[in-house]
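Working notes, beginning with the structure itself.
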Amino acid sequence: MLEFRKDLFAAERDDNLNIVGKGAQRQDMPGHVTGRSPFFDDHAFEGLLHLKVVRSPHHHARIRAIDTTAAERAPGVKRILRGADVPLNKNTLLSLINFGKDDEPTLAVSKVAYKGEPVVAIIAETEQQALAARALVRVDYEVLPHVFDVEEALKPGAPIVNETYPNNYFEYHDRYDHSKLRFGDVDRAFATADFIVDDRYQMSPIEHAPTETNGSIAAPEQNDRFVVHSCAQGLFFSLGTAAKILKLESNRLHFVGGTVGGGFGGKVDSLTEPLSILGAMMTGQPVRYVLDREEEMLYGSPRGAERIYIKDGIMRDGRIVARRIRSYFDAGAYTRLSSYAAIKCTAHLPGPYTIPNVSADIYVAYTNRCPSTAMRGFGITAVDFALEVHMDKGAEACGMDPMEFRILNAYRDDDMKAHRRVAKNTALIECVQVVAEKAGWPLSDEARRQSSLTGGGGARALIPATPIDDNGRIGRPETRTGPATETLPAGTMRIPMTKQPIMEGSAEARPTPAAVPQYEPYRPTPASTAPAYQPMPAAPPPAMPAPPAATAPPPAAAPAPAQPTQHGAVRFSSVFGTRRR
Amino acid sequence: MAKIPVQFRLNGSDRAAFVGPADNLLTLLRRGLNDFGPKYGCGQGTCGTCTVLVDGDLQLSCLTLAATCEGKHVETVSGMAEGPVLHPLQQAFMDHFAAQCGFCTPGMLTAAKALLAANPNPTRAEVIDGISGNICRCTGYDAIIEAILAAARGGQATRAY
């Protein structure tokens, strides 16, 4: 049951609203309860043909030959599609916003990189005939060594999963082998910390398992157009993808959809639309391509697994002074949306806490697994799991109550976040307070008095001096030995310079790379200017904690800290903060 | 292979079709008779979204041979409303926000209808048991259970929120 806590942040909210906060009937509900909601498969067509796909039985193999002669003669078969029939047989989803290189074929031609990769499509008059013909296709494979582990994949000599990215990592802006975050000096902070808490977290891939499996029906329309009934979660995203792969003007595609039988992120990949449209183009008849449940479970892209290493430096009084994160996002064999997930992950670090020294390296690694995709907060949820388990371990290490430990380290409005944006609309403190109250968990009076609205900013809004390390460029020996990939000169970048990331190693983007700037540690001082918050007594009585000394400026040689920056993630709206209302 | 003639009642109307000996009822309903109420979810009898009533008994239409429905009465969600007047269960599902994506809803409603026909005043535990063969992947079970209980009480809707 919902409970509105309108006592919290009341001043920031306008409650004079007509719909928000009130019950209202959904417009699609009558269709749902009468069975009339038009899901993609709920459309009748005269002469409907059925498409089934021959999939790779191997994790990694070269295709020596494909023999479809027996399948072509099978009863009911109307057409067989091979890679050569696909007008543009290489695509990456985010190419529609100029992000990443085309790396995934619609139908594999020379090799397969994961078990279940589509190789041949059979179109027949009935599903049974398509399935029977599928069994007659002969593919001669030369099995290749495969790699399943993200860190193994990044080692020299690992099997090359995806020829477009021969080092098995996604290449950011054609230059960087990972996405990174640097804020302050973690190494020096670790040296001064009282406790170090270090651990490794490993997620599993997760299948969305929507009740409606992925699928689409495409049919020739008048005026040389094609109507496409689709379950796509992003209908125009799917239309753009299909138009690109089929080299069609997008106005020749008439996508109908929006009624999705559960998606959860698993219906953004356009897994079926390009082939069903191509089938309709080739046969002149309506073509239906629906994954069966086995295909959905085994080959519908999952949430990607992540491996996350976290190291925290914690003071005796419970303050986290440094956090280092190294994360590997398992893209599977092709990119799909993993590159975006890793950006979200980087932008999210170090979680909803104000930590003065943060360092993160986030890799997208290719393995011979089913390509992974979007799922409910992908890029965020897994790292949040790791961070919050780590918070509990940190609380244990310094002998603090875990709720108090979170309130103590929580970010507050106007704090500077590690990616150099000012925190707004913070609410972690209030969330912890309400959770503690609901759970009957005792909090100290001090912790109950804390608020996200006060105590932030000031010295907590300063950007610390940040030493630069130079790893992360593609092909650099200290990050990965092996053949360097192509490095485009600055003038040939697809991404304009204004969108360039300010990242270590990007010589063009750095303002003034001076000598290694001096680090001013985040150290409790006897001053009692801002929230002199005392955690619960579990911790040894600390010196009065206070924010970093604003009075100690970095040496003159240090670069101007608050240089406004734009980084690569700027194009994604989900990393923008907007004012809470 | 020879086709088999089959005649049965579908939501009160007489229907006839020729089916293959291995054709299932779900395919016949959807692709043969254009009743898109029952859905394909798994094709192996585990998700319940193809649930129909055959002579009043709950059946998974994906596991029911079409030819075995000869002379029987098949009811699907498409026949639940009386013209524009919703069945009390349908109304309760609307009032209680008991559908999210709507894909499991036809099966849920059919299972609930069978439950209330056999047991007009079920306990909460009996409702849970009654829809235990139906998966809602949006995990909206609580609203569905509340809706079925409300329909059993005579439809006095207490809005969930």
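Following the order of the structure tokens, chains are lettered A, B, ..., residues in each are numbered from 1, and ligands are numbered from 1.
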Set out as a Markdown table a contact list for chain A and chain B with a cut-off of 7 Å, giving each residue of chain A that qualifies its closest atom pair and distance in Å to one decimal, counting only C-alpha atoms, ordered by chain and rising residue number.
```
| residue | atom | partner | partner_atom | distance |
| --- | --- | --- | --- | --- |
| A:Gly23 | CA | B:Tyr161 | CA | 6.3 |
| A:Met29 | CA | B:Met94 | CA | 6.2 |
| A:His32 | CA | B:Gly102 | CA | 4.9 |
| A:Val33 | CA | B:Gln90 | CA | 5.4 |
| A:Thr34 | CA | B:Ser78 | CA | 6.0 |
| A:Gly35 | CA | B:Gly37 | CA | 4.6 |
| A:Arg36 | CA | B:Gly37 | CA | 6.8 |
| A:Asp42 | CA | B:Phe36 | CA | 5.4 |
| A:Ala44 | CA | B:Asn34 | CA | 6.6 |
| A:Pro210 | CA | B:Arg137 | CA | 6.1 |
| A:Thr211 | CA | B:Gly41 | CA | 5.3 |
| A:Glu212 | CA | B:Gly41 | CA | 5.3 |
| A:Thr213 | CA | B:Gly41 | CA | 6.6 |
| A:Val260 | CA | B:Cys101 | CA | 6.4 |
| A:Gly261 | CA | B:Phe103 | CA | 5.0 |
| A:Gly262 | CA | B:Cys101 | CA | 5.6 |
| A:Asp292 | CA | B:Cys42 | CA | 6.9 |
| A:Arg293 | CA | B:Cys42 | CA | 5.0 |
```
Would you output that residue set with all heavy atoms, as a short mmCIF file (atom, residue, chain, number, x, y, z; two decimals), in the first residue's frame?
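Okay, this is what ended up in out.cif:
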```cif
data_model
loop_
_atom_site.label_atom_id
_atom_site.label_comp_id
_atom_site.auth_asym_id
_atom_site.auth_seq_id
_atom_site.Cartn_x
_atom_site.Cartn_y
_atom_site.Cartn_z
N GLY A 23 -6.18 8.83 -7.58
CA GLY A 23 -6.47 7.64 -8.37
C GLY A 23 -7.07 8.04 -9.71
O GLY A 23 -7.90 8.94 -9.78
N MET A 29 -6.99 0.02 -19.61
CA MET A 29 -7.55 -1.01 -18.74
C MET A 29 -8.76 -1.72 -19.36
O MET A 29 -8.85 -2.96 -19.26
CB MET A 29 -7.91 -0.37 -17.40
CG MET A 29 -7.81 -1.29 -16.23
SD MET A 29 -6.24 -2.14 -16.10
CE MET A 29 -6.07 -2.19 -14.34
N HIS A 32 -7.53 -4.38 -21.57
CA HIS A 32 -6.87 -5.48 -20.86
C HIS A 32 -7.89 -6.45 -20.28
O HIS A 32 -7.72 -7.67 -20.37
CB HIS A 32 -5.98 -4.93 -19.73
CG HIS A 32 -4.71 -4.29 -20.22
ND1 HIS A 32 -4.32 -4.31 -21.54
CD2 HIS A 32 -3.75 -3.60 -19.56
CE1 HIS A 32 -3.16 -3.67 -21.66
NE2 HIS A 32 -2.80 -3.23 -20.48
N VAL A 33 -8.97 -5.95 -19.65
CA VAL A 33 -9.89 -6.87 -18.98
C VAL A 33 -10.86 -7.54 -19.95
O VAL A 33 -11.50 -8.53 -19.60
CB VAL A 33 -10.68 -6.19 -17.83
CG1 VAL A 33 -9.72 -5.62 -16.79
CG2 VAL A 33 -11.62 -5.12 -18.34
N THR A 34 -10.98 -7.02 -21.17
CA THR A 34 -11.86 -7.67 -22.14
C THR A 34 -11.08 -8.52 -23.13
O THR A 34 -11.68 -9.15 -24.00
CB THR A 34 -12.67 -6.62 -22.93
OG1 THR A 34 -11.75 -5.68 -23.48
CG2 THR A 34 -13.65 -5.89 -22.03
N GLY A 35 -9.76 -8.54 -23.00
CA GLY A 35 -8.95 -9.30 -23.95
C GLY A 35 -8.83 -8.63 -25.31
O GLY A 35 -8.40 -9.26 -26.27
N ARG A 36 -9.18 -7.34 -25.40
CA ARG A 36 -9.14 -6.68 -26.71
C ARG A 36 -7.90 -5.82 -26.90
O ARG A 36 -7.73 -5.22 -27.96
CB ARG A 36 -10.37 -5.79 -26.88
CG ARG A 36 -11.66 -6.59 -27.03
CD ARG A 36 -12.77 -5.73 -27.63
NE ARG A 36 -14.06 -6.39 -27.47
CZ ARG A 36 -14.97 -6.02 -26.57
NH1 ARG A 36 -14.76 -4.96 -25.81
NH2 ARG A 36 -16.10 -6.66 -26.48
N ASP A 42 -1.88 -10.22 -31.99
CA ASP A 42 -3.34 -10.32 -32.02
C ASP A 42 -3.90 -9.70 -33.30
O ASP A 42 -4.83 -8.89 -33.26
CB ASP A 42 -3.94 -9.62 -30.78
CG ASP A 42 -3.48 -10.27 -29.48
OD1 ASP A 42 -2.98 -11.41 -29.54
OD2 ASP A 42 -3.61 -9.64 -28.43
N ALA A 44 -4.98 -10.65 -37.38
CA ALA A 44 -5.22 -11.71 -38.36
C ALA A 44 -4.78 -11.23 -39.75
O ALA A 44 -5.03 -10.08 -40.11
CB ALA A 44 -6.70 -12.07 -38.38
N PRO A 210 9.52 -11.92 -20.06
CA PRO A 210 8.19 -11.35 -20.19
C PRO A 210 7.21 -12.47 -20.56
O PRO A 210 7.60 -13.44 -21.20
CB PRO A 210 8.33 -10.35 -21.34
CG PRO A 210 9.48 -10.88 -22.15
CD PRO A 210 10.42 -11.52 -21.15
N THR A 211 5.95 -12.32 -20.16
CA THR A 211 4.99 -13.37 -20.47
C THR A 211 4.76 -13.45 -21.97
O THR A 211 4.58 -14.53 -22.53
CB THR A 211 3.66 -13.11 -19.74
OG1 THR A 211 3.95 -12.57 -18.46
CG2 THR A 211 2.89 -14.39 -19.56
N GLU A 212 4.77 -12.30 -22.63
CA GLU A 212 4.71 -12.29 -24.09
C GLU A 212 6.15 -12.35 -24.60
O GLU A 212 6.96 -11.49 -24.25
CB GLU A 212 4.05 -11.00 -24.58
CG GLU A 212 4.12 -10.77 -26.08
CD GLU A 212 3.86 -9.30 -26.44
OE1 GLU A 212 4.68 -8.44 -26.09
OE2 GLU A 212 2.83 -9.03 -27.04
N THR A 213 6.46 -13.33 -25.43
CA THR A 213 7.82 -13.41 -25.97
C THR A 213 8.00 -12.35 -27.05
O THR A 213 7.04 -11.79 -27.57
CB THR A 213 8.09 -14.81 -26.55
OG1 THR A 213 7.13 -15.06 -27.59
CG2 THR A 213 7.97 -15.89 -25.49
N VAL A 260 2.55 -3.75 -25.02
CA VAL A 260 3.68 -4.65 -24.83
C VAL A 260 3.36 -5.61 -23.69
O VAL A 260 3.03 -5.16 -22.60
CB VAL A 260 4.96 -3.84 -24.50
CG1 VAL A 260 6.14 -4.78 -24.31
CG2 VAL A 260 5.25 -2.84 -25.60
N GLY A 261 3.47 -6.89 -23.97
CA GLY A 261 3.13 -7.89 -22.95
C GLY A 261 4.27 -8.14 -21.98
O GLY A 261 4.73 -9.26 -21.82
N GLY A 262 4.72 -7.09 -21.35
CA GLY A 262 5.87 -7.19 -20.45
C GLY A 262 7.14 -7.01 -21.24
O GLY A 262 7.35 -7.67 -22.26
N ASP A 292 9.95 -18.51 -29.57
CA ASP A 292 9.25 -19.38 -28.64
C ASP A 292 9.89 -19.21 -27.26
O ASP A 292 10.87 -18.48 -27.09
CB ASP A 292 9.22 -20.83 -29.12
CG ASP A 292 10.60 -21.47 -29.21
OD1 ASP A 292 11.50 -21.02 -28.49
OD2 ASP A 292 10.77 -22.41 -30.02
N ARG A 293 9.30 -19.86 -26.28
CA ARG A 293 9.76 -19.61 -24.90
C ARG A 293 11.22 -20.02 -24.71
O ARG A 293 11.98 -19.35 -24.01
CB ARG A 293 8.84 -20.35 -23.91
CG ARG A 293 9.20 -20.18 -22.45
CD ARG A 293 9.31 -18.75 -21.98
NE ARG A 293 8.10 -17.98 -22.15
CZ ARG A 293 8.01 -16.68 -21.89
NH1 ARG A 293 9.05 -16.01 -21.42
NH2 ARG A 293 6.89 -16.04 -22.10
#
```
His229 (chain A) environment, 8 Å, only C-alpha atoms, sequence neighbours closer than 4 positions dropped, as a PyMOL selection string: chain A and resi 40-41+216-218+255-257
- prompt: Do you know which residues are at most 7 Å from Pro274 (chain A) counting only C-alpha atoms, after dropping those on the same chain fewer than 3 positions away, and could you put them as number ranges by chain?
  reply: A: 242, 245-246, 277-278
- prompt: Between B:Leu53, B:Leu29, B:Ala2, B:Ala150, which has the minimum distance to Pro120 (chain B) (counting only C-alpha atoms)?
  reply: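 Between B:Leu53, B:Leu29, B:Ala2, B:Ala150, the residue approaching Pro120 (chain B) most closely is B:Ala150.
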- request: Pick out each residue of region 318-405 of chain A that DSSP on the backbone tags as strand (DSSP E); I need them as a ChimeraX atom specification.
  value: /A:320-332,358-366
Can I get the selected residues back with N, CA, C and O atoms, as a PDB file, in the first residue's frame?
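Output saved as part-v4.pdb:
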```pdb
ATOM      1  N   ILE A 320      33.767   7.866   5.282  1.00  0.00           N
ATOM      2  CA  ILE A 320      34.468   7.226   4.170  1.00  0.00           C
ATOM      3  C   ILE A 320      35.296   8.308   3.493  1.00  0.00           C
ATOM      4  O   ILE A 320      34.751   9.319   3.039  1.00  0.00           O
ATOM      5  N   VAL A 321      36.606   8.124   3.442  1.00  0.00           N
ATOM      6  CA  VAL A 321      37.458   9.162   2.847  1.00  0.00           C
ATOM      7  C   VAL A 321      37.896   8.809   1.438  1.00  0.00           C
ATOM      8  O   VAL A 321      38.368   9.677   0.702  1.00  0.00           O
ATOM      9  N   ALA A 322      37.752   7.553   1.056  1.00  0.00           N
ATOM     10  CA  ALA A 322      38.162   7.196  -0.302  1.00  0.00           C
ATOM     11  C   ALA A 322      37.402   5.962  -0.753  1.00  0.00           C
ATOM     12  O   ALA A 322      37.098   5.081   0.048  1.00  0.00           O
ATOM     13  N   ARG A 323      37.093   5.919  -2.029  1.00  0.00           N
ATOM     14  CA  ARG A 323      36.425   4.753  -2.590  1.00  0.00           C
ATOM     15  C   ARG A 323      36.991   4.522  -3.990  1.00  0.00           C
ATOM     16  O   ARG A 323      36.989   5.421  -4.819  1.00  0.00           O
ATOM     17  N   ARG A 324      37.467   3.302  -4.202  1.00  0.00           N
ATOM     18  CA  ARG A 324      37.970   2.941  -5.538  1.00  0.00           C
ATOM     19  C   ARG A 324      37.110   1.809  -6.078  1.00  0.00           C
ATOM     20  O   ARG A 324      36.848   0.829  -5.374  1.00  0.00           O
ATOM     21  N   ILE A 325      36.681   1.934  -7.330  1.00  0.00           N
ATOM     22  CA  ILE A 325      35.812   0.934  -7.936  1.00  0.00           C
ATOM     23  C   ILE A 325      36.396   0.512  -9.274  1.00  0.00           C
ATOM     24  O   ILE A 325      36.828   1.351 -10.070  1.00  0.00           O
ATOM     25  N   ARG A 326      36.404  -0.787  -9.479  1.00  0.00           N
ATOM     26  CA  ARG A 326      36.785  -1.322 -10.787  1.00  0.00           C
ATOM     27  C   ARG A 326      35.654  -2.258 -11.166  1.00  0.00           C
ATOM     28  O   ARG A 326      35.276  -3.133 -10.388  1.00  0.00           O
ATOM     29  N   SER A 327      35.058  -2.050 -12.328  1.00  0.00           N
ATOM     30  CA  SER A 327      33.896  -2.840 -12.691  1.00  0.00           C
ATOM     31  C   SER A 327      34.016  -3.323 -14.127  1.00  0.00           C
ATOM     32  O   SER A 327      34.551  -2.617 -14.987  1.00  0.00           O
ATOM     33  N   TYR A 328      33.532  -4.529 -14.337  1.00  0.00           N
ATOM     34  CA  TYR A 328      33.547  -5.129 -15.670  1.00  0.00           C
ATOM     35  C   TYR A 328      32.121  -5.480 -16.046  1.00  0.00           C
ATOM     36  O   TYR A 328      31.482  -6.273 -15.363  1.00  0.00           O
ATOM     37  N   PHE A 329      31.647  -4.878 -17.120  1.00  0.00           N
ATOM     38  CA  PHE A 329      30.280  -5.115 -17.564  1.00  0.00           C
ATOM     39  C   PHE A 329      30.335  -6.153 -18.667  1.00  0.00           C
ATOM     40  O   PHE A 329      31.022  -5.959 -19.674  1.00  0.00           O
ATOM     41  N   ASP A 330      29.630  -7.272 -18.495  1.00  0.00           N
ATOM     42  CA  ASP A 330      29.673  -8.348 -19.485  1.00  0.00           C
ATOM     43  C   ASP A 330      28.681  -8.050 -20.609  1.00  0.00           C
ATOM     44  O   ASP A 330      27.476  -8.209 -20.442  1.00  0.00           O
ATOM     45  N   ALA A 331      29.209  -7.600 -21.752  1.00  0.00           N
ATOM     46  CA  ALA A 331      28.340  -7.241 -22.872  1.00  0.00           C
ATOM     47  C   ALA A 331      27.829  -8.466 -23.600  1.00  0.00           C
ATOM     48  O   ALA A 331      26.889  -8.370 -24.375  1.00  0.00           O
ATOM     49  N   GLY A 332      28.447  -9.633 -23.376  1.00  0.00           N
ATOM     50  CA  GLY A 332      28.190 -10.745 -24.279  1.00  0.00           C
ATOM     51  C   GLY A 332      28.946 -10.485 -25.582  1.00  0.00           C
ATOM     52  O   GLY A 332      29.940  -9.762 -25.608  1.00  0.00           O
ATOM     53  N   VAL A 358      37.480   9.716  -5.004  1.00  0.00           N
ATOM     54  CA  VAL A 358      36.828   8.624  -5.718  1.00  0.00           C
ATOM     55  C   VAL A 358      37.614   8.326  -6.989  1.00  0.00           C
ATOM     56  O   VAL A 358      38.058   9.243  -7.683  1.00  0.00           O
ATOM     57  N   SER A 359      37.756   7.048  -7.250  1.00  0.00           N
ATOM     58  CA  SER A 359      38.414   6.646  -8.492  1.00  0.00           C
ATOM     59  C   SER A 359      37.669   5.436  -9.029  1.00  0.00           C
ATOM     60  O   SER A 359      37.366   4.513  -8.277  1.00  0.00           O
ATOM     61  N   ALA A 360      37.330   5.458 -10.310  1.00  0.00           N
ATOM     62  CA  ALA A 360      36.585   4.334 -10.872  1.00  0.00           C
ATOM     63  C   ALA A 360      37.034   4.059 -12.300  1.00  0.00           C
ATOM     64  O   ALA A 360      37.299   4.992 -13.065  1.00  0.00           O
ATOM     65  N   ASP A 361      37.131   2.782 -12.629  1.00  0.00           N
ATOM     66  CA  ASP A 361      37.409   2.335 -13.997  1.00  0.00           C
ATOM     67  C   ASP A 361      36.344   1.318 -14.363  1.00  0.00           C
ATOM     68  O   ASP A 361      36.243   0.269 -13.723  1.00  0.00           O
ATOM     69  N   ILE A 362      35.543   1.628 -15.388  1.00  0.00           N
ATOM     70  CA  ILE A 362      34.423   0.763 -15.757  1.00  0.00           C
ATOM     71  C   ILE A 362      34.657   0.246 -17.177  1.00  0.00           C
ATOM     72  O   ILE A 362      34.684   1.033 -18.130  1.00  0.00           O
ATOM     73  N   TYR A 363      34.805  -1.056 -17.289  1.00  0.00           N
ATOM     74  CA  TYR A 363      35.061  -1.685 -18.585  1.00  0.00           C
ATOM     75  C   TYR A 363      33.803  -2.359 -19.122  1.00  0.00           C
ATOM     76  O   TYR A 363      33.036  -2.925 -18.359  1.00  0.00           O
ATOM     77  N   VAL A 364      33.647  -2.317 -20.431  1.00  0.00           N
ATOM     78  CA  VAL A 364      32.641  -3.151 -21.096  1.00  0.00           C
ATOM     79  C   VAL A 364      33.418  -4.237 -21.836  1.00  0.00           C
ATOM     80  O   VAL A 364      34.182  -3.933 -22.755  1.00  0.00           O
ATOM     81  N   ALA A 365      33.264  -5.476 -21.394  1.00  0.00           N
ATOM     82  CA  ALA A 365      34.056  -6.565 -21.966  1.00  0.00           C
ATOM     83  C   ALA A 365      33.174  -7.467 -22.821  1.00  0.00           C
ATOM     84  O   ALA A 365      32.023  -7.732 -22.470  1.00  0.00           O
ATOM     85  N   TYR A 366      33.727  -7.923 -23.951  1.00  0.00           N
ATOM     86  CA  TYR A 366      33.003  -8.856 -24.817  1.00  0.00           C
ATOM     87  C   TYR A 366      33.372 -10.280 -24.438  1.00  0.00           C
ATOM     88  O   TYR A 366      34.547 -10.601 -24.253  1.00  0.00           O
TER      89      TYR A 366
END
```
- request: Grab the CA of Phe264 (chain A) to CA of Arg124 (chain B) distance for me, in Å with one decimal place.
  value: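 Here the two named atoms are 28.7 Å from each other.
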- prompt: Quick one, how far is CA of Lys244 (chain A) from CA of Val161 (chain A)?
  reply: 24.2 Å
- request: Check region 8-120 of chain B with DSSP on the backbone and list each residue it calls helix (DSSP H, G or I), as an NGL selection string.
  value: :B and (25-32 or 61-63 or 66-69 or 77-79 or 88-95 or 105-118)
message: Could you check the closest approach to Asn11 (chain B) for each of B:Asp23, B:Glu70, B:Asp55, B:Glu75 and tell me which residue wins, using only C-alpha atoms?
response: B:Glu75
message: Taking 4 positions as the minimum chain separation for residues in the same chain, which residues sit within 7 Å of region 122-130 of chain A when counting only C-alpha atoms? Answer as a ChimeraX atom specification.
response: /A:49-53,75-81,134
Write the residues you've just listed into a file as a short mmCIF file (atom, residue, chain, number, x, y, z; two decimals), in the first residue's frame, and include all heavy atoms for each of them.
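Listed below is the output, selection-v2.cif:
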```cif
data_model
loop_
_atom_site.label_atom_id
_atom_site.label_comp_id
_atom_site.auth_asym_id
_atom_site.auth_seq_id
_atom_site.Cartn_x
_atom_site.Cartn_y
_atom_site.Cartn_z
N LEU A 49 2.63 -15.97 -43.24
CA LEU A 49 3.75 -16.92 -43.26
C LEU A 49 4.48 -16.85 -41.91
O LEU A 49 4.37 -15.87 -41.17
CB LEU A 49 4.72 -16.57 -44.39
CG LEU A 49 4.12 -16.53 -45.80
CD1 LEU A 49 5.18 -16.10 -46.81
CD2 LEU A 49 3.55 -17.91 -46.18
N HIS A 50 5.24 -17.91 -41.64
CA HIS A 50 5.91 -18.00 -40.34
C HIS A 50 7.41 -18.15 -40.53
O HIS A 50 7.86 -18.92 -41.38
CB HIS A 50 5.34 -19.20 -39.57
CG HIS A 50 3.87 -19.05 -39.30
ND1 HIS A 50 3.36 -18.50 -38.17
CD2 HIS A 50 2.80 -19.35 -40.09
CE1 HIS A 50 2.04 -18.46 -38.24
NE2 HIS A 50 1.67 -18.98 -39.39
N LEU A 51 8.15 -17.38 -39.74
CA LEU A 51 9.61 -17.35 -39.88
C LEU A 51 10.24 -18.00 -38.65
O LEU A 51 9.87 -17.69 -37.51
CB LEU A 51 10.07 -15.91 -40.03
CG LEU A 51 11.55 -15.65 -40.34
CD1 LEU A 51 11.70 -14.36 -41.15
CD2 LEU A 51 12.41 -15.56 -39.09
N LYS A 52 11.16 -18.89 -38.90
CA LYS A 52 11.93 -19.52 -37.82
C LYS A 52 13.41 -19.40 -38.16
O LYS A 52 13.79 -19.39 -39.33
CB LYS A 52 11.55 -20.99 -37.65
CG LYS A 52 10.13 -21.18 -37.13
CD LYS A 52 10.04 -20.90 -35.65
CE LYS A 52 8.60 -20.87 -35.19
NZ LYS A 52 8.48 -20.39 -33.79
N VAL A 53 14.23 -19.37 -37.12
CA VAL A 53 15.64 -19.07 -37.31
C VAL A 53 16.50 -20.26 -36.92
O VAL A 53 16.26 -20.91 -35.90
CB VAL A 53 15.99 -17.81 -36.49
CG1 VAL A 53 17.47 -17.72 -36.23
CG2 VAL A 53 15.50 -16.56 -37.20
N PRO A 75 8.45 -29.15 -47.70
CA PRO A 75 7.07 -28.71 -47.94
C PRO A 75 6.76 -27.38 -47.25
O PRO A 75 7.15 -27.18 -46.10
CB PRO A 75 6.21 -29.82 -47.32
CG PRO A 75 7.12 -30.94 -47.02
CD PRO A 75 8.51 -30.46 -47.04
N GLY A 76 6.09 -26.52 -47.98
CA GLY A 76 5.61 -25.26 -47.41
C GLY A 76 6.62 -24.14 -47.35
O GLY A 76 6.27 -23.02 -47.01
N VAL A 77 7.90 -24.43 -47.65
CA VAL A 77 8.92 -23.39 -47.52
C VAL A 77 8.79 -22.38 -48.67
O VAL A 77 8.74 -22.76 -49.84
CB VAL A 77 10.34 -24.01 -47.50
CG1 VAL A 77 11.40 -22.93 -47.58
CG2 VAL A 77 10.52 -24.82 -46.22
N LYS A 78 8.70 -21.11 -48.33
CA LYS A 78 8.53 -20.06 -49.33
C LYS A 78 9.83 -19.35 -49.64
O LYS A 78 10.05 -18.88 -50.76
CB LYS A 78 7.52 -19.00 -48.84
CG LYS A 78 6.16 -19.55 -48.52
CD LYS A 78 5.39 -19.94 -49.77
CE LYS A 78 4.67 -18.73 -50.35
NZ LYS A 78 3.72 -19.13 -51.41
N ARG A 79 10.70 -19.25 -48.65
CA ARG A 79 11.89 -18.44 -48.87
C ARG A 79 12.88 -18.72 -47.73
O ARG A 79 12.48 -18.92 -46.58
CB ARG A 79 11.50 -16.95 -48.86
CG ARG A 79 12.63 -15.98 -48.95
CD ARG A 79 13.06 -15.74 -50.38
NE ARG A 79 14.43 -15.23 -50.41
CZ ARG A 79 14.94 -14.58 -51.43
NH1 ARG A 79 14.22 -14.31 -52.52
NH2 ARG A 79 16.20 -14.17 -51.41
N ILE A 80 14.13 -18.71 -48.06
CA ILE A 80 15.17 -18.85 -47.04
C ILE A 80 16.04 -17.60 -47.09
O ILE A 80 16.43 -17.15 -48.18
CB ILE A 80 15.99 -20.14 -47.27
CG1 ILE A 80 15.08 -21.33 -46.93
CG2 ILE A 80 17.26 -20.14 -46.43
CD1 ILE A 80 15.70 -22.66 -47.01
N LEU A 81 16.31 -17.02 -45.95
CA LEU A 81 17.10 -15.79 -45.88
C LEU A 81 18.47 -16.11 -45.29
O LEU A 81 18.58 -16.83 -44.29
CB LEU A 81 16.41 -14.74 -45.00
CG LEU A 81 15.00 -14.30 -45.39
CD1 LEU A 81 14.44 -13.34 -44.35
CD2 LEU A 81 15.01 -13.64 -46.76
N ARG A 134 13.83 -26.13 -40.80
CA ARG A 134 14.98 -25.66 -40.03
C ARG A 134 15.93 -26.82 -39.72
O ARG A 134 17.14 -26.66 -39.74
CB ARG A 134 14.48 -25.02 -38.73
CG ARG A 134 15.56 -24.41 -37.89
CD ARG A 134 14.99 -23.56 -36.79
NE ARG A 134 14.45 -24.36 -35.70
CZ ARG A 134 14.06 -23.84 -34.54
NH1 ARG A 134 14.12 -22.54 -34.35
NH2 ARG A 134 13.58 -24.61 -33.59
#
```
- prompt: What gap, in Å, lies between CA of Asn214 (chain A) and CA of Asp102 (chain A)?
  reply: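 So the answer is 22.5 Å.
Proximity to Gly394 (chain A) was assessed for A:Ala427, A:Met416, A:Asp194, A:Ala382 counting only C-alpha atoms; the smallest distance is recorded for A:Asp194.
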- line: In terms of only C-alpha atoms, the residue from B:Thr51, B:Thr27, B:Thr46, B:Ser13 at minimal distance from Ala114 (chain B) is B:Thr51
